[in-house]
Amino acid sequence: MRKAREMLKTYQYPEFHYTRSPDQDAASPVHHPVLIVGGGMVGLTMALDLRLKGVPAIVLEQGETVSDGSRSICQAKRTLEIWDRQGAAAPMIEKGITWKIGRVRHGNRELYSFDLLPEEGHKIPAFVNLQQYWVEEYLIDRLSEAGGEIRWRNKVISLTPTPEGVTLEVDTPEGPYAVTCDYLIAADGARSQMRRELDLPFKGQVFNDKFLITDIEMQADFPSERWFWFDPDFNPGQSALLHRQADNVWRLDFQIGADADNEEEMKRENVIPRVKAMLGEKTPFELEWISVYTFQCRRLEKFRQGRVFFIGDAAHQVSPFGARGGNGGVQDADNLGWKLDLVMRGLAPGSLLDSYDEERVFAADENILNSTRSTDFLTPKTPVSRAFRDAVLSLAEDCPFARPLVNSGRLSLPATLRGSSLNTPDEDVFAGAMEPGAPAADAPVRHKGRQGWLLDHLGGGFTGVFFGDSGALPASLEMEGLAIDVLAVGQNGLEDTKGWLANRYDGQPGTFYLIRPDQHIAGRWRHCDQVKVHEAMRRALGKI
Ligand SMILES: Cc1cc2nc3c(=O)[nH]c(=O)nc-3n(C[C@H](O)[C@H](O)[C@H](O)COP(=O)(O)OP(=O)(O)OC[C@H]3O[C@@H](n4cnc5c(N)ncnc54)[C@H](O)[C@@H]3O)c2cc1C
């Protein structure tokens with residue numbers, strides 16, 4: 001298959017050159033605190049997170065440019081919030097296409113539409129469509145600005161766990177060298193060599209259904225929405241999807257059946273009539289990229305293997321429907337970063353790292369469940385599931401109760417880490433979604449006369465959000481050797497300009513939230529009892 005960089009007209013692939021590292025001239029393997037294998041969207045996010053926390057981490061990447069071909073386009077709100085905290089999101093949001101409306105069609109009729117973020121008052125939109133190569137390029141720019149190191153054309157060819165750490169052999173254009181580290185993060189994608197090195201099984205389902213993707217360049221006045229068709233005239237008996245991306249590039253995705261011949265389907269002379277049938281004869285376009293994909297819904301049994309951590313596609317895979325692959329991977333990195341930082345600084349026990357496995361396996365299972373359900377709906381495997389699917393589709397236009405049963409891909413949402421051993425369960429009664437384990441919701445706030453957002457004030461460390469006047473609590477609480485910044489919502493503190501903060505957090509006067517460095521809720525109380533907060537801190541650090 002031709003490389004994307006030979007085909008794409010709208011994107012100039014950057015080339016990152018191999019440079020010899022001093023490690024290659026050392027008499028014995030040089031030791032590093034953290035090495036990351038793979039500089040895809042997940043490995044880069046991990047590197048950036050650690051770099052910004054002051055943890056030295058080096059990325060070893062076999063390639064010399066960004067993601068080849070047409071892969072992730074839908075970057076979800078939570079992922080963008082993480083990148084925003086890392087200072088990487090602004091150019092992505094500016095370059096990408098912001099959207100939140102999806103339309104579901106059956107044949108030629110629209111069944112219904114949905115809005116992924118109906119409420120106002122969030123800094124980051126529901127979704128931004130931006131090609132994966134752009135995402136990675138912006139992450140690389142930000143990592144380089146932050147002083148991070150990526151070693152291009154460094155392919156890790158073997159991994160040996162030792163009692164003290166991990167030894168790697170790395171191949172380069174100038175031959176191999178060895179290197180050691182305390183912690184290894186395997187972000188080397190779906191075909192993970194690191195997984196094979198440790199001989200780890202990858203369990204789950206492999207689907208045979210095939211989908212043809214073509215990215216086309218066209219000037220069109222379709223709105224920035226996700227359009228999904230069941231059984232359209234232009235692809236009878238199958239499904240199809242249309243998405244707008246940056247640079248007037250559009251993603252067209254056609255279900256083509258398990259028996260389709262990939263080579264035939266990918267011929268330009270066969271793709272062009274498909275596109276014309278979808279868009280009409282008169283719409284001018286240029287083909288940018290063509291590929292056929294199948295997918296799997298699988299994961300490793302454990303994401304932590306001693307000192308090796310698997311993140312992103314190396315740990316789990318899902319179908320593209322729902323945009324949960326890359327988005328889930330970025331959230332893995334966000335979960336691991338603060339834990340590794342605190343353990344390496346001696347502020348938390350090594351067992352905190354087990355909670356990476358606990359929490360992200362939970363999240364991966366949620367993604368796999370959603371992804372498998374979508375696949376079953378899109379490509380029913382039995383006469384009974386087909387009859388159910390067809391009945392739901394025939395009802396959905398007129399009967400709103402049937403719409404939630406239509407599954408064209410439940411779009412990526414962050415997992416609420418319900419039941420995590422790091423959470424302190426509620427003892428008081430609260431309304432709303434901000435339960436322990438939930439990712440903190442954003443809200444507009446004014447601080448020192450400047451309008452901003454709650455999430456801009458969270459992250460980096462543990463934070464307390466107190467619904468009461470500043471002065472009622474100290475601005476910072478010292479616990480377990482860590483400072484908890486306390487944000488008071490009220491007089492002289494954060495001004496809840498629209499009342500949405502109190503509304504989303506059920507923030508009655510006196511309420512106190514303890515929020516983790518990755519912006520997930522650790523615990524909440526109707527009154528700030530420092531003994532209870534201290535115990536919750538110990539739990540969130542894996543000390544009890
Ligand atoms: C058609 C399609 C559409 C998709 N759409 C979406 C979407 O809209 N939203 C979404 O969130 N996800 C989507 N995904 C999934 C998304 O592309 C993946 O989940 C994402 O790429 C995972 O990122 P990663 O960094 O874990 O792995 P990768 O992107 O695969 O990166 C792995 C990196 O590791 C490097 N590497 C591999 N082996 C070695 C080695 N031995 N030594 C050194 N380096 C190595 C590779 O060169 C690569 O750079 C889609 C996927 C497909 C196929």
# chains A, B, ... in the order shown; residues from 1 in each chain; ligands from 1
>>> residues_near_ligand(ligand="ligand 1", cutoff="6 Å", atoms="only C-alpha atoms and all ligand atoms", output="PyMOL selection string")
chain A and resi 37-43+60-63+71-75+154-157+187-190+192-193+312-314+320+323-327+329
>>> select_by_dssp(residues="region 288-501 of chain A", states="helix (DSSP H, G or I)", output="count of residues only")
78
>>> closest_residue(among="A:Val308, A:Ala438, A:Val406, A:Ala387", to="Ser113 (chain A)", atoms="only C-alpha atoms")
A:Val406
>>> residues_around(residues="region 120-133 of chain A", least_positions_apart="2", cutoff="9 Å", atoms="only C-alpha atoms", output="ChimeraX atom specification")
/A:11,13,41,65-78,80-81,84,92-93,95-100,116-118,135-138,243-246,441-444,452-453,455,498,500
>>> residues_around(residues="Leu50 (chain A)", least_positions_apart="5", cutoff="9 Å", atoms="only C-alpha atoms", output="PyMOL selection string")
chain A and resi 45+55-57+337-338+340-341
>>> select_by_dssp(residues="region 444-538 of chain A", states="strand (DSSP E or B)", output="PyMOL selection string")
chain A and resi 444-447+450-453+463-466+476-479+482-489+494-495+512-515+520-525
